[in-house]
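Student: Sharing a structure with you now.
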Amino acid sequence: HWKHDLDVSADGSLYLNELVGLHLATALALVVYFWRDWVRIVRGLVTSVTQRRVETVDQKLAWLIVTACVPVAVAGVALDKVFRTTLGKPVPTAIFLALNGIVLFVTEQLRRGGTGRRRAGAAAAPGEEHLSADEQSDLRITRMTVRQAVTIGAAQILALLPGISRSGSTISAGIFKGLGHEDSARFAFLLATPVIGGAALLKLPPLLGAQGNGLRGPLLAGSVAAFVAAYLATRFLVRYFENRTLIPFAVYCSVAGLGSLAY
């Protein structure tokens with residue numbers, strides 16, 4: 001029955017149930033890594049609602065995240081089965097993976113303008129030198145309009161397509177909207193946390209019932225591994241994008257996608 005188990009379009013697929021646990025562990029890793037930020041964001045959202053104002057950086061960032069997550073939440077609920085049953089097959093996945101690499105490459109070329117790397121907004125503006133690097137990044141992010149944030153958040157819909165990177169699509173959208181690599185990556189990871197966590201929680205109940213029998217041990221082991229890997233990967237990528245680009249990921253996705261398609 002292994003073919004059925006690995007088919008995400010099949011009802012009761014153990015592989016799909018396993019993915020739910022791994023995604024939840026990934027979301028938890030993002031919360032742990034950005035816990036200071038989430039404390040400020042949640043506090044900003046609460047004070048904004050209770051005081052009926054949106055003035056501070058934390059309040060603005062909180063509402064940008066909330067509004068930016070709406071498009072992918074709606075699309076995920078409405079189109080989840082379509083993406084899994086129609087497109088969750090090897091050939092479409094390989095094609096989308098290759099296209100993902102092309103998009104990342106084009107993003108970098110347009111960002112560079114053909115003349116070399118340009119990283120907008122990385123330096124502290126006059127009067128902001130006393131702020132921490134995270135606070136400076138948040139300040140730059142909150143200079144976006146709600147429309148720009150929603151556009152970046154909507155890019156996560158592409159990640160519902162198999163082979164498309166959620167972070168890659170969101171970071172690319174952020175760069176197109178004028179954010180630097182570091183700020184785009186930071187905003188992408190903050191956006192991914194409620195989306196991944198929310199989607200996993202919605203699909204978690206079956207694992208707590210009969211469908212989870214015999215699966216909870218392997219699921220726990222896999223989730224621990226996913227948590228550690230996600231935490232280390234996030235830590236690496238946050239530092240990586242301080243002075244590097246998407247080109248290596250573009251090359252990997254293109255080669256892997258085209259190679260898989262040929263195979």
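Residues in the structure tokens are named by chain (A, B, ... in the order shown) and by number from 1 within that chain; ligands are numbered from 1 in the order shown.
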For Arg140 of chain A, work out the shell of residues within 8 Å, counting only C-alpha atoms and skipping chain neighbours fewer than 3 positions away, then give it as a ChimeraX atom specification.
Tutor: /A:121,136-137,143-144,179,183
Student: Output C-alpha atoms of each residue in that selection to a file, as a tab-separated table (two decimals), in the first residue's frame.
Tutor:
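After the write, part.tsv holds the following:
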chain	number	residue	atom	x	y	z
A	121	GLY	CA	17.39	50.08	2.48
A	136	GLN	CA	15.52	48.95	11.64
A	137	SER	CA	14.28	46.16	9.39
A	143	ARG	CA	7.01	51.88	5.19
A	144	MET	CA	5.21	49.66	2.69
A	179	LEU	CA	12.56	45.66	-0.16
A	183	ASP	CA	14.06	42.68	4.74
Student: Ranking A:Phe249, A:Trp63, A:Tyr240, A:Phe227 by minimum distance to Ser48 of chain A and counting only C-alpha atoms, which one comes first?
Tutor: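 Using only C-alpha atoms, the shortest distance to Ser48 of chain A belongs to A:Trp63.
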Student: Record the distance separating atom CA of Ser223 of chain A and atom CA of Val20 of chain A, expressed in Å with one decimal.
Tutor: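 Spanning atom CA of Ser223 of chain A to atom CA of Val20 of chain A is a straight-line distance of 9.4 Å.
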Student: Show me, as a Markdown table, the residues of segment 185-251 of chain A having an atom within 12 Å of segment 157-162 of chain A, each with the closest atom pair and its distance in Å, using only C-alpha atoms.
Tutor:
| residue | atom | partner | partner_atom | distance |
| --- | --- | --- | --- | --- |
| A:Ala192 | CA | A:Ala159 | CA | 10.6 |
| A:Val195 | CA | A:Ile157 | CA | 10.5 |
| A:Ile196 | CA | A:Ala159 | CA | 10.9 |
| A:Ala199 | CA | A:Leu160 | CA | 11.3 |
Student: Go ahead and compute the interatomic distance for atom CA of Ala200 of chain A and atom CA of Val150 of chain A, in Å to one decimal.
Tutor: 21.9 Å
Student: Give me the residues within 12 Å of Tyr263 of chain A as a PyMOL selection string, counting only C-alpha atoms and dropping any in the same chain fewer than 4 places off.
Tutor: chain A and resi 90-91+94+255-259
Student: Write a file of the just-selected residues containing C-alpha atoms, as a PDB file, in the first residue's frame.
Tutor:
ATOM      1  CA  PRO A  90       5.707  14.199 -10.607  1.00  0.00           C
ATOM      2  CA  VAL A  91       5.638  15.953 -14.000  1.00  0.00           C
ATOM      3  CA  ALA A  94       9.201  19.077 -11.853  1.00  0.00           C
ATOM      4  CA  VAL A 255      18.748  21.973 -12.422  1.00  0.00           C
ATOM      5  CA  ALA A 256      16.681  19.793 -10.060  1.00  0.00           C
ATOM      6  CA  GLY A 257      13.450  20.569 -11.881  1.00  0.00           C
ATOM      7  CA  LEU A 258      14.771  19.979 -15.388  1.00  0.00           C
ATOM      8  CA  GLY A 259      16.674  16.878 -14.247  1.00  0.00           C
TER       9      GLY A 259
END
Student: Rounded to one decimal in Å, what is the spacing between atom CA of Arg43 of chain A and atom CA of Leu191 of chain A?
Tutor: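 Value for the atom CA of Arg43 of chain A-atom CA of Leu191 of chain A distance: 16.7 Å.
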Student: Skip Val31 of chain A itself and residues of its chain fewer than 6 positions away, then list as JSON, numbers by chain all residues within 12 Å of it, counting only C-alpha atoms.
Tutor: {"A": [24, 25, 37, 38, 39, 41, 42, 189, 190, 191, 192, 193, 194, 196, 197, 227, 230, 231, 234]}
Student: For Asp138 of chain A, which residue out of A:Ser184, A:Leu237, A:Gly217, A:Val224 is the nearest one, using only C-alpha atoms?
Tutor: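 Comparing A:Ser184, A:Leu237, A:Gly217, A:Val224 against Asp138 of chain A, the winner is A:Ser184.
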Student: Would you kindly return, as an mmCIF file with C-alpha atoms, in the first residue's frame, each protein, DNA or RNA residue with an atom no farther than 12 Å from any atom of Arg147 of chain A, considering only C-alpha atoms and excluding same-chain residues fewer than 6 positions away?
Tutor:
data_model
loop_
_atom_site.group_PDB
_atom_site.id
_atom_site.type_symbol
_atom_site.label_atom_id
_atom_site.label_comp_id
_atom_site.auth_asym_id
_atom_site.auth_seq_id
_atom_site.Cartn_x
_atom_site.Cartn_y
_atom_site.Cartn_z
ATOM 1 C CA TRP A 63 -1.667 44.593 10.621
ATOM 2 C CA LEU A 64 0.550 44.216 7.562
ATOM 3 C CA ILE A 65 1.045 40.548 8.482
ATOM 4 C CA THR A 67 -3.808 41.556 5.870
ATOM 5 C CA ALA A 68 -1.006 39.950 3.850
ATOM 6 C CA PRO A 71 -5.216 35.973 0.186
ATOM 7 C CA GLY A 153 1.480 37.904 0.899
ATOM 8 C CA ALA A 154 -0.514 36.801 -2.145
ATOM 9 C CA LYS A 177 8.171 45.805 -4.238
#
